[in-house]
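Content type PDB, N, CA and C atoms and all ligand atoms, from the file final-v2.pdb:
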MODEL        1
ATOM      1  N   MET A   2     108.585  83.463  57.038
ATOM      2  CA  MET A   2     107.981  82.185  57.413
ATOM      3  C   MET A   2     107.501  82.248  58.868
ATOM      4  N   THR A   3     106.339  81.699  59.083
ATOM      5  CA  THR A   3     105.735  81.693  60.414
ATOM      6  C   THR A   3     105.523  80.245  60.858
ATOM      7  N   TYR A   4     105.855  79.981  62.108
ATOM      8  CA  TYR A   4     105.629  78.634  62.630
ATOM      9  C   TYR A   4     104.145  78.310  62.560
ATOM     10  N   ALA A   5     103.797  77.141  62.025
ATOM     11  CA  ALA A   5     102.394  76.751  61.875
ATOM     12  C   ALA A   5     101.998  75.621  62.817
ATOM     13  N   CYS A   6     102.800  74.571  62.851
ATOM     14  CA  CYS A   6     102.456  73.400  63.653
ATOM     15  C   CYS A   6     103.647  72.451  63.657
ATOM     16  N   ARG A   7     103.468  71.352  64.334
ATOM     17  CA  ARG A   7     104.491  70.317  64.320
ATOM     18  C   ARG A   7     104.125  69.256  63.279
ATOM     19  N   VAL A   8     105.106  68.577  62.777
ATOM     20  CA  VAL A   8     104.879  67.529  61.774
ATOM     21  C   VAL A   8     103.850  66.519  62.289
ATOM     22  N   ASP A   9     103.945  66.151  63.535
ATOM     23  CA  ASP A   9     103.038  65.146  64.099
ATOM     24  C   ASP A   9     101.608  65.643  64.252
ATOM     25  N   ASP A  10     101.375  66.924  64.112
ATOM     26  CA  ASP A  10     100.022  67.468  64.260
ATOM     27  C   ASP A  10      99.131  67.148  63.064
ATOM     28  N   VAL A  11      99.735  66.789  61.928
ATOM     29  CA  VAL A  11      98.960  66.572  60.695
ATOM     30  C   VAL A  11      99.222  65.151  60.196
ATOM     31  N   PRO A  12      98.248  64.254  60.329
ATOM     32  CA  PRO A  12      98.436  62.894  59.819
ATOM     33  C   PRO A  12      98.591  62.892  58.297
ATOM     34  N   LEU A  13      99.287  61.913  57.795
ATOM     35  CA  LEU A  13      99.473  61.777  56.351
ATOM     36  C   LEU A  13      98.114  61.661  55.653
ATOM     37  N   GLY A  14      97.935  62.448  54.604
ATOM     38  CA  GLY A  14      96.692  62.404  53.842
ATOM     39  C   GLY A  14      95.590  63.279  54.410
ATOM     40  N   GLU A  15      95.935  64.157  55.343
ATOM     41  CA  GLU A  15      94.915  65.003  55.962
ATOM     42  C   GLU A  15      95.370  66.452  56.008
ATOM     43  N   GLY A  16      94.455  67.315  56.434
ATOM     44  CA  GLY A  16      94.759  68.726  56.611
ATOM     45  C   GLY A  16      94.362  69.182  58.006
ATOM     46  N   ARG A  17      94.945  70.272  58.444
ATOM     47  CA  ARG A  17      94.612  70.880  59.737
ATOM     48  C   ARG A  17      94.614  72.392  59.577
ATOM     49  N   VAL A  18      93.723  73.042  60.304
ATOM     50  CA  VAL A  18      93.631  74.496  60.215
ATOM     51  C   VAL A  18      94.492  75.136  61.291
ATOM     52  N   VAL A  19      95.238  76.149  60.873
ATOM     53  CA  VAL A  19      95.988  76.974  61.812
ATOM     54  C   VAL A  19      95.637  78.436  61.486
ATOM     55  N   THR A  20      95.828  79.310  62.455
ATOM     56  CA  THR A  20      95.605  80.732  62.223
ATOM     57  C   THR A  20      96.958  81.431  62.231
ATOM     58  N   LEU A  21      97.268  82.068  61.101
ATOM     59  CA  LEU A  21      98.550  82.754  60.937
ATOM     60  C   LEU A  21      98.277  84.145  60.396
ATOM     61  N   ASP A  22      98.838  85.149  60.994
ATOM     62  CA  ASP A  22      98.633  86.529  60.531
ATOM     63  C   ASP A  22      97.142  86.821  60.359
ATOM     64  N   SER A  23      96.334  86.347  61.279
ATOM     65  CA  SER A  23      94.878  86.547  61.262
ATOM     66  C   SER A  23      94.192  85.858  60.088
ATOM     67  N   ARG A  24      94.881  84.962  59.413
ATOM     68  CA  ARG A  24      94.271  84.202  58.315
ATOM     69  C   ARG A  24      94.152  82.746  58.749
ATOM     70  N   ARG A  25      93.030  82.138  58.390
ATOM     71  CA  ARG A  25      92.868  80.704  58.648
ATOM     72  C   ARG A  25      93.449  79.950  57.467
ATOM     73  N   ILE A  26      94.467  79.142  57.773
ATOM     74  CA  ILE A  26      95.229  78.439  56.751
ATOM     75  C   ILE A  26      95.081  76.937  56.977
ATOM     76  N   ALA A  27      94.828  76.213  55.890
ATOM     77  CA  ALA A  27      94.765  74.756  55.954
ATOM     78  C   ALA A  27      96.125  74.201  55.545
ATOM     79  N   VAL A  28      96.754  73.482  56.450
ATOM     80  CA  VAL A  28      98.052  72.855  56.186
ATOM     81  C   VAL A  28      97.801  71.384  55.860
ATOM     82  N   PHE A  29      98.330  70.931  54.736
ATOM     83  CA  PHE A  29      98.090  69.562  54.269
ATOM     84  C   PHE A  29      99.397  68.766  54.244
ATOM     85  N   ARG A  30      99.262  67.515  54.626
ATOM     86  CA  ARG A  30     100.384  66.578  54.532
ATOM     87  C   ARG A  30      99.996  65.504  53.520
ATOM     88  N   ALA A  31     100.394  65.707  52.289
ATOM     89  CA  ALA A  31     100.064  64.761  51.218
ATOM     90  C   ALA A  31     101.218  63.794  51.036
ATOM     91  N   SER A  32     100.974  62.754  50.247
ATOM     92  CA  SER A  32     102.028  61.768  50.025
ATOM     93  C   SER A  32     103.230  62.401  49.336
ATOM     94  N   GLY A  33     102.966  63.438  48.540
ATOM     95  CA  GLY A  33     104.059  64.087  47.821
ATOM     96  C   GLY A  33     104.707  65.248  48.539
ATOM     97  N   GLY A  34     104.219  65.593  49.710
ATOM     98  CA  GLY A  34     104.831  66.694  50.435
ATOM     99  C   GLY A  34     103.819  67.491  51.240
ATOM    100  N   TRP A  35     104.245  68.663  51.649
ATOM    101  CA  TRP A  35     103.426  69.538  52.487
ATOM    102  C   TRP A  35     102.936  70.724  51.670
ATOM    103  N   TYR A  36     101.697  71.138  51.948
ATOM    104  CA  TYR A  36     101.088  72.247  51.207
ATOM    105  C   TYR A  36     100.233  73.067  52.164
ATOM    106  N   ALA A  37      99.920  74.289  51.747
ATOM    107  CA  ALA A  37      99.035  75.128  52.554
ATOM    108  C   ALA A  37      98.176  75.978  51.622
ATOM    109  N   LEU A  38      96.886  76.030  51.941
ATOM    110  CA  LEU A  38      95.911  76.844  51.206
ATOM    111  C   LEU A  38      95.097  77.636  52.222
ATOM    112  N   ASP A  39      94.450  78.718  51.756
ATOM    113  CA  ASP A  39      93.456  79.340  52.623
ATOM    114  C   ASP A  39      92.442  78.267  53.022
ATOM    115  N   ALA A  40      91.968  78.342  54.275
ATOM    116  CA  ALA A  40      91.140  77.260  54.803
ATOM    117  C   ALA A  40      89.741  77.233  54.201
ATOM    118  N   ALA A  41      89.249  78.393  53.760
ATOM    119  CA  ALA A  41      87.869  78.462  53.260
ATOM    120  C   ALA A  41      87.829  78.297  51.749
ATOM    121  N   CYS A  42      87.003  77.385  51.302
ATOM    122  CA  CYS A  42      86.801  77.186  49.866
ATOM    123  C   CYS A  42      86.227  78.471  49.272
ATOM    124  N   PRO A  43      86.771  78.931  48.142
ATOM    125  CA  PRO A  43      86.257  80.168  47.545
ATOM    126  C   PRO A  43      84.832  80.049  46.997
ATOM    127  N   HIS A  44      84.322  78.845  46.896
ATOM    128  CA  HIS A  44      82.954  78.686  46.399
ATOM    129  C   HIS A  44      81.948  79.179  47.438
ATOM    130  N   MET A  45      81.838  78.497  48.553
ATOM    131  CA  MET A  45      80.886  78.897  49.594
ATOM    132  C   MET A  45      81.472  78.688  50.985
ATOM    133  N   GLY A  46      82.789  78.782  51.075
ATOM    134  CA  GLY A  46      83.433  78.751  52.384
ATOM    135  C   GLY A  46      83.607  77.389  53.005
ATOM    136  N   GLY A  47      83.507  76.358  52.233
ATOM    137  CA  GLY A  47      83.664  75.004  52.766
ATOM    138  C   GLY A  47      85.032  74.795  53.407
ATOM    139  N   PRO A  48      85.100  73.891  54.385
ATOM    140  CA  PRO A  48      86.345  73.661  55.137
ATOM    141  C   PRO A  48      87.324  72.768  54.373
ATOM    142  N   LEU A  49      88.244  73.384  53.642
ATOM    143  CA  LEU A  49      89.143  72.587  52.799
ATOM    144  C   LEU A  49      90.008  71.625  53.608
ATOM    145  N   ALA A  50      90.327  71.969  54.837
ATOM    146  CA  ALA A  50      91.164  71.070  55.645
ATOM    147  C   ALA A  50      90.466  69.743  55.909
ATOM    148  N   ASP A  51      89.137  69.723  55.792
ATOM    149  CA  ASP A  51      88.383  68.489  56.014
ATOM    150  C   ASP A  51      88.157  67.715  54.715
ATOM    151  N   GLY A  52      88.699  68.234  53.614
ATOM    152  CA  GLY A  52      88.496  67.577  52.330
ATOM    153  C   GLY A  52      89.379  66.367  52.146
ATOM    154  N   ILE A  53      89.057  65.608  51.136
ATOM    155  CA  ILE A  53      89.856  64.426  50.806
ATOM    156  C   ILE A  53      91.101  64.876  50.047
ATOM    157  N   VAL A  54      92.247  64.400  50.491
ATOM    158  CA  VAL A  54      93.518  64.715  49.838
ATOM    159  C   VAL A  54      93.891  63.534  48.955
ATOM    160  N   CYS A  55      94.090  63.810  47.662
ATOM    161  CA  CYS A  55      94.518  62.733  46.767
ATOM    162  C   CYS A  55      95.573  63.292  45.830
ATOM    163  N   ASP A  56      96.661  62.592  45.773
ATOM    164  CA  ASP A  56      97.817  63.050  45.004
ATOM    165  C   ASP A  56      98.162  64.471  45.431
ATOM    166  N   ARG A  57      98.031  65.410  44.492
ATOM    167  CA  ARG A  57      98.401  66.795  44.825
ATOM    168  C   ARG A  57      97.170  67.695  44.807
ATOM    169  N   ALA A  58      96.021  67.146  45.160
ATOM    170  CA  ALA A  58      94.778  67.918  45.131
ATOM    171  C   ALA A  58      93.971  67.676  46.396
ATOM    172  N   VAL A  59      93.078  68.644  46.682
ATOM    173  CA  VAL A  59      92.125  68.449  47.769
ATOM    174  C   VAL A  59      90.736  68.659  47.189
ATOM    175  N   ILE A  60      89.788  67.858  47.679
ATOM    176  CA  ILE A  60      88.409  67.928  47.228
ATOM    177  C   ILE A  60      87.590  68.555  48.348
ATOM    178  N   CYS A  61      86.957  69.687  48.060
ATOM    179  CA  CYS A  61      86.143  70.355  49.076
ATOM    180  C   CYS A  61      85.020  69.423  49.523
ATOM    181  N   PRO A  62      84.804  69.295  50.836
ATOM    182  CA  PRO A  62      83.788  68.354  51.321
ATOM    183  C   PRO A  62      82.351  68.817  51.073
ATOM    184  N   LEU A  63      82.141  70.092  50.720
ATOM    185  CA  LEU A  63      80.756  70.550  50.541
ATOM    186  C   LEU A  63      80.204  70.254  49.150
ATOM    187  N   HIS A  64      80.930  70.640  48.102
ATOM    188  CA  HIS A  64      80.379  70.463  46.757
ATOM    189  C   HIS A  64      81.391  69.859  45.793
ATOM    190  N   ASP A  65      82.447  69.270  46.332
ATOM    191  CA  ASP A  65      83.392  68.472  45.538
ATOM    192  C   ASP A  65      84.238  69.248  44.536
ATOM    193  N   ARG A  66      84.370  70.547  44.701
ATOM    194  CA  ARG A  66      85.324  71.239  43.826
ATOM    195  C   ARG A  66      86.729  70.831  44.246
ATOM    196  N   ARG A  67      87.618  70.775  43.246
ATOM    197  CA  ARG A  67      88.991  70.322  43.497
ATOM    198  C   ARG A  67      89.967  71.468  43.309
ATOM    199  N   TYR A  68      90.999  71.474  44.124
ATOM    200  CA  TYR A  68      92.029  72.497  44.036
ATOM    201  C   TYR A  68      93.403  71.853  44.053
ATOM    202  N   ASP A  69      94.284  72.399  43.230
ATOM    203  CA  ASP A  69      95.678  71.964  43.230
ATOM    204  C   ASP A  69      96.315  72.431  44.535
ATOM    205  N   LEU A  70      96.895  71.525  45.274
ATOM    206  CA  LEU A  70      97.467  71.886  46.574
ATOM    207  C   LEU A  70      98.670  72.811  46.437
ATOM    208  N   ALA A  71      99.400  72.683  45.356
ATOM    209  CA  ALA A  71     100.618  73.484  45.214
ATOM    210  C   ALA A  71     100.330  74.911  44.759
ATOM    211  N   THR A  72      99.291  75.065  43.906
ATOM    212  CA  THR A  72      99.046  76.383  43.315
ATOM    213  C   THR A  72      97.737  77.012  43.767
ATOM    214  N   GLY A  73      96.814  76.235  44.287
ATOM    215  CA  GLY A  73      95.486  76.739  44.633
ATOM    216  C   GLY A  73      94.573  76.866  43.424
ATOM    217  N   ALA A  74      95.043  76.487  42.262
ATOM    218  CA  ALA A  74      94.228  76.593  41.046
ATOM    219  C   ALA A  74      93.081  75.589  41.098
ATOM    220  N   PRO A  75      91.908  75.994  40.609
ATOM    221  CA  PRO A  75      90.799  75.039  40.565
ATOM    222  C   PRO A  75      91.070  73.997  39.488
ATOM    223  N   LEU A  76      90.748  72.759  39.770
ATOM    224  CA  LEU A  76      90.877  71.687  38.784
ATOM    225  C   LEU A  76      89.467  71.449  38.238
ATOM    226  N   GLY A  77      89.086  72.300  37.313
ATOM    227  CA  GLY A  77      87.720  72.341  36.825
ATOM    228  C   GLY A  77      87.199  73.751  37.007
ATOM    229  N   ALA A  78      85.898  73.864  37.244
ATOM    230  CA  ALA A  78      85.285  75.180  37.369
ATOM    231  C   ALA A  78      85.637  75.824  38.702
ATOM    232  N   GLY A  79      85.511  77.150  38.739
ATOM    233  CA  GLY A  79      85.652  77.849  40.002
ATOM    234  C   GLY A  79      86.812  78.809  40.054
ATOM    235  N   GLU A  80      86.914  79.475  41.178
ATOM    236  CA  GLU A  80      87.962  80.458  41.417
ATOM    237  C   GLU A  80      89.118  79.792  42.155
ATOM    238  N   PRO A  81      90.317  80.384  42.068
ATOM    239  CA  PRO A  81      91.455  79.821  42.803
ATOM    240  C   PRO A  81      91.365  80.150  44.289
ATOM    241  N   VAL A  82      92.118  79.400  45.053
ATOM    242  CA  VAL A  82      92.274  79.680  46.484
ATOM    243  C   VAL A  82      93.752  80.003  46.712
ATOM    244  N   ALA A  83      94.037  80.889  47.640
ATOM    245  CA  ALA A  83      95.431  81.279  47.868
ATOM    246  C   ALA A  83      96.255  80.094  48.352
ATOM    247  N   ALA A  84      97.430  79.941  47.736
ATOM    248  CA  ALA A  84      98.364  78.893  48.136
ATOM    249  C   ALA A  84      99.558  79.534  48.831
ATOM    250  N   HIS A  85     100.085  78.859  49.825
ATOM    251  CA  HIS A  85     101.164  79.398  50.651
ATOM    252  C   HIS A  85     102.350  78.443  50.652
ATOM    253  N   ALA A  86     103.541  79.004  50.653
ATOM    254  CA  ALA A  86     104.750  78.184  50.680
ATOM    255  C   ALA A  86     104.909  77.531  52.048
ATOM    256  N   VAL A  87     105.357  76.286  52.039
ATOM    257  CA  VAL A  87     105.563  75.524  53.271
ATOM    258  C   VAL A  87     107.012  75.079  53.341
ATOM    259  N   GLU A  88     107.577  75.115  54.521
ATOM    260  CA  GLU A  88     108.961  74.677  54.720
ATOM    261  C   GLU A  88     109.025  73.866  56.010
ATOM    262  N   LEU A  89     109.687  72.735  55.938
ATOM    263  CA  LEU A  89     109.903  71.920  57.137
ATOM    264  C   LEU A  89     111.264  72.258  57.725
ATOM    265  N   ARG A  90     111.292  72.445  59.021
ATOM    266  CA  ARG A  90     112.548  72.639  59.739
ATOM    267  C   ARG A  90     112.553  71.626  60.877
ATOM    268  N   GLY A  91     113.169  70.494  60.602
ATOM    269  CA  GLY A  91     113.133  69.411  61.578
ATOM    270  C   GLY A  91     111.705  68.916  61.729
ATOM    271  N   GLU A  92     111.201  68.959  62.929
ATOM    272  CA  GLU A  92     109.839  68.497  63.209
ATOM    273  C   GLU A  92     108.822  69.625  63.183
ATOM    274  N   ARG A  93     109.242  70.794  62.737
ATOM    275  CA  ARG A  93     108.343  71.951  62.751
ATOM    276  C   ARG A  93     107.990  72.374  61.325
ATOM    277  N   VAL A  94     106.753  72.828  61.160
ATOM    278  CA  VAL A  94     106.239  73.240  59.855
ATOM    279  C   VAL A  94     106.059  74.755  59.854
ATOM    280  N   PHE A  95     106.628  75.409  58.853
ATOM    281  CA  PHE A  95     106.518  76.865  58.715
ATOM    282  C   PHE A  95     105.786  77.191  57.420
ATOM    283  N   VAL A  96     105.029  78.291  57.458
ATOM    284  CA  VAL A  96     104.260  78.720  56.288
ATOM    285  C   VAL A  96     104.550  80.187  56.021
ATOM    286  N   LEU A  97     104.713  80.496  54.742
ATOM    287  CA  LEU A  97     104.841  81.891  54.315
ATOM    288  C   LEU A  97     103.489  82.297  53.764
ATOM    289  N   VAL A  98     102.766  83.130  54.509
ATOM    290  CA  VAL A  98     101.409  83.496  54.128
ATOM    291  C   VAL A  98     101.451  84.447  52.935
ATOM    292  N   ALA A  99     100.753  84.044  51.865
ATOM    293  CA  ALA A  99     100.743  84.819  50.626
ATOM    294  C   ALA A  99      99.551  85.760  50.610
ATOM    295  N   GLU A 100      99.523  86.595  49.583
ATOM    296  CA  GLU A 100      98.367  87.462  49.379
ATOM    297  C   GLU A 100      97.155  86.586  49.036
ATOM    298  N   PRO A 101      95.949  87.123  49.286
ATOM    299  CA  PRO A 101      94.763  86.366  48.863
ATOM    300  C   PRO A 101      94.807  86.104  47.371
ATOM    301  N   ALA A 102      94.224  84.981  46.973
ATOM    302  CA  ALA A 102      94.216  84.622  45.553
ATOM    303  C   ALA A 102      93.405  85.632  44.766
ATOM    304  N   ARG A 103      93.844  85.893  43.561
ATOM    305  CA  ARG A 103      93.092  86.786  42.674
ATOM    306  C   ARG A 103      92.465  85.969  41.560
ATOM    307  N   VAL A 104      91.333  86.399  41.160
ATOM    308  CA  VAL A 104      90.659  85.750  40.044
ATOM    309  C   VAL A 104      91.246  86.313  38.763
ATOM    310  N   ALA A 105      91.617  85.415  37.864
ATOM    311  CA  ALA A 105      92.190  85.853  36.582
ATOM    312  C   ALA A 105      91.156  86.659  35.806
ATOM    313  N   ALA A 106      91.641  87.733  35.161
ATOM    314  CA  ALA A 106      90.711  88.597  34.387
ATOM    315  C   ALA A 106      90.311  87.900  33.100
TER
HETATM  316  S1  LIG B 201      82.009  75.300  49.329
HETATM  317 FE1  LIG B 201      83.638  74.200  48.424
HETATM  318  S2  LIG B 201      82.815  73.389  46.628
HETATM  319 FE2  LIG B 201      81.212  74.547  47.478
ENDMDL
END

Starting from the file, give its structure as structure tokens.
Amino acid sequence: MTYACRVDDVPLGEGRVVTLDSRRIAVFRASGGWYALDAACPHMGGPLADGIVCDRAVICPLHDRRYDLATGAPLGAGEPVAAHAVELRGERVFVLVAEPARVAA
């Protein structure tokens, strides 16, 4: 686990980009908990941290593709985005950076 940010750095219902292990990671604070995905949308690189967070999904601001925040799976068409485990330790947020997402064969 790598320190990502403080709890107060991410308002409820929003995402913020951090750089961990040379990867740009979007950390989300949803009503149901904390999540982390690769920051770039696999479609055309849209900024997922700037997307709308609803329930357990984020909507890419460029072309409205949706991704499950917990798994990175597309909710509809498209490729998955890598999802990363998040852990809160007091007021600090830690992320375990996963391998890049693979497209199912
Ligand atoms: S870049 Fe995200 S949906 Fe197109």

Using the chain letters and numbering of this document, enumerate as a PyMOL selection string the residues selected by the PyMOL selection byres (((not hetatm)) within 8 of (chain B and resi 201)).
-> chain A and resi 41-49+60-67

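Each of A:Arg30, A:Asp22, A:Pro101, A:Val94 was compared to A:Arg7 using only N, CA and C atoms, and A:Val94 turns out to be the nearest.
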
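With distances taken over all atoms listed in the file, A:Glu15 is the one residue among A:Gly77, A:Tyr4, A:Glu15, A:Asp9 lying closest to A:Gly52.
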
Find the residues near A:Gly16: any atom within 7 Å, counting only C-alpha atoms, skip ones fewer than 6 places away on the same chain, and give them as a ChimeraX atom specification.
-> /A:27-30,50-51

Hey, can you spit out that residue selection with N, CA and C atoms as a JSON list (two decimals), in the frame of the given file?
[["chain", "number", "residue", "atom", "x", "y", "z"],
["A", 27, "ALA", "N", 94.83, 76.21, 55.89],
["A", 27, "ALA", "CA", 94.76, 74.76, 55.95],
["A", 27, "ALA", "C", 96.12, 74.20, 55.54],
["A", 28, "VAL", "N", 96.75, 73.48, 56.45],
["A", 28, "VAL", "CA", 98.05, 72.86, 56.19],
["A", 28, "VAL", "C", 97.80, 71.38, 55.86],
["A", 29, "PHE", "N", 98.33, 70.93, 54.74],
["A", 29, "PHE", "CA", 98.09, 69.56, 54.27],
["A", 29, "PHE", "C", 99.40, 68.77, 54.24],
["A", 30, "ARG", "N", 99.26, 67.52, 54.63],
["A", 30, "ARG", "CA", 100.38, 66.58, 54.53],
["A", 30, "ARG", "C", 100.00, 65.50, 53.52],
["A", 50, "ALA", "N", 90.33, 71.97, 54.84],
["A", 50, "ALA", "CA", 91.16, 71.07, 55.64],
["A", 50, "ALA", "C", 90.47, 69.74, 55.91],
["A", 51, "ASP", "N", 89.14, 69.72, 55.79],
["A", 51, "ASP", "CA", 88.38, 68.49, 56.01],
["A", 51, "ASP", "C", 88.16, 67.72, 54.72]]

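One finds atom N of A:Arg57 at 16.4 Å from atom CA of A:Ala83.
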
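Among the candidates A:Arg93, A:Val82, A:Val87, A:Arg24, the residue lying nearest to A:Ala37 is A:Val87 (atoms considered: only C-alpha atoms).
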
Select from chain A everything DSSP, run on the backbone, classes as strand (DSSP E), then give the selection as a PyMOL selection string.
-> chain A and resi 3-7+15-21+24-31+34-39+53-55+58-60+67-69+84-90+93-97

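Rounded to one decimal, atom C of A:Ala31 and atom CA of A:Ala58 lie 9.7 Å from each other.
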
Taken to one decimal, the atom N of A:Glu100-atom CA of A:Gly34 distance is 20.6 Å

All helix (DSSP H, G or I) positions in chain A, as a PyMOL selection string | chain A and resi 8-10+49-51

Box for stretch 64-80 of chain A - axis-aligned, 3 Å on each of the six sides, all listed atoms - centre and size in Å to one decimal, as JSON.
{"center_x": 90.5, "center_y": 74.5, "center_z": 42.5, "size_x": 26.2, "size_y": 18.0, "size_z": 17.3}

Please write the residues picked by the PyMOL selection byres (((chain A and resi 3 and name CA) around 8) and not hetatm and name CA) on this file as a PyMOL selection string.
-> chain A and resi 2+4-5+21+95-98

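Close to (96.7, 75.9, 46.3), meaning no more than 8 Å away when counting all atoms listed in the file, sit the residues Tyr36, Ala37, Leu38, Asp39, Tyr68, Asp69, Leu70, Ala71, Thr72, Gly73, Ala74, Pro75, Pro81, Val82, Ala83, Ala84 and His85 of chain A.
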
All heavy atoms are needed for stretch 73-81 of chain A; please write them out as a CSV table (one decimal), in the frame of the given file.
chain,number,residue,atom,x,y,z
A,73,GLY,N,96.8,76.2,44.3
A,73,GLY,CA,95.5,76.7,44.6
A,73,GLY,C,94.6,76.9,43.4
A,73,GLY,O,93.4,77.3,43.6
A,74,ALA,N,95.0,76.5,42.3
A,74,ALA,CA,94.2,76.6,41.0
A,74,ALA,C,93.1,75.6,41.1
A,74,ALA,O,93.3,74.5,41.6
A,74,ALA,CB,95.1,76.3,39.8
A,75,PRO,N,91.9,76.0,40.6
A,75,PRO,CA,90.8,75.0,40.6
A,75,PRO,C,91.1,74.0,39.5
A,75,PRO,O,91.6,74.3,38.4
A,75,PRO,CB,89.6,75.9,40.2
A,75,PRO,CG,90.2,77.1,39.5
A,75,PRO,CD,91.5,77.3,40.1
A,76,LEU,N,90.7,72.8,39.8
A,76,LEU,CA,90.9,71.7,38.8
A,76,LEU,C,89.5,71.4,38.2
A,76,LEU,O,88.7,70.6,38.7
A,76,LEU,CB,91.5,70.4,39.4
A,76,LEU,CG,92.8,70.6,40.1
A,76,LEU,CD1,93.3,69.4,40.8
A,76,LEU,CD2,93.9,71.1,39.0
A,77,GLY,N,89.1,72.3,37.3
A,77,GLY,CA,87.7,72.3,36.8
A,77,GLY,C,87.2,73.8,37.0
A,77,GLY,O,88.0,74.7,37.0
A,78,ALA,N,85.9,73.9,37.2
A,78,ALA,CA,85.3,75.2,37.4
A,78,ALA,C,85.6,75.8,38.7
A,78,ALA,O,86.0,75.2,39.7
A,78,ALA,CB,83.8,75.0,37.2
A,79,GLY,N,85.5,77.2,38.7
A,79,GLY,CA,85.7,77.8,40.0
A,79,GLY,C,86.8,78.8,40.1
A,79,GLY,O,87.6,78.9,39.1
A,80,GLU,N,86.9,79.5,41.2
A,80,GLU,CA,88.0,80.5,41.4
A,80,GLU,C,89.1,79.8,42.2
A,80,GLU,O,88.9,78.8,42.8
A,80,GLU,CB,87.4,81.6,42.3
A,80,GLU,CG,86.2,82.3,41.6
A,80,GLU,CD,85.6,83.4,42.6
A,80,GLU,OE1,86.2,83.6,43.7
A,80,GLU,OE2,84.6,83.9,42.2
A,81,PRO,N,90.3,80.4,42.1
A,81,PRO,CA,91.5,79.8,42.8
A,81,PRO,C,91.4,80.2,44.3
A,81,PRO,O,90.6,81.1,44.7
A,81,PRO,CB,92.7,80.5,42.2
A,81,PRO,CG,92.1,81.8,41.7
A,81,PRO,CD,90.7,81.6,41.3
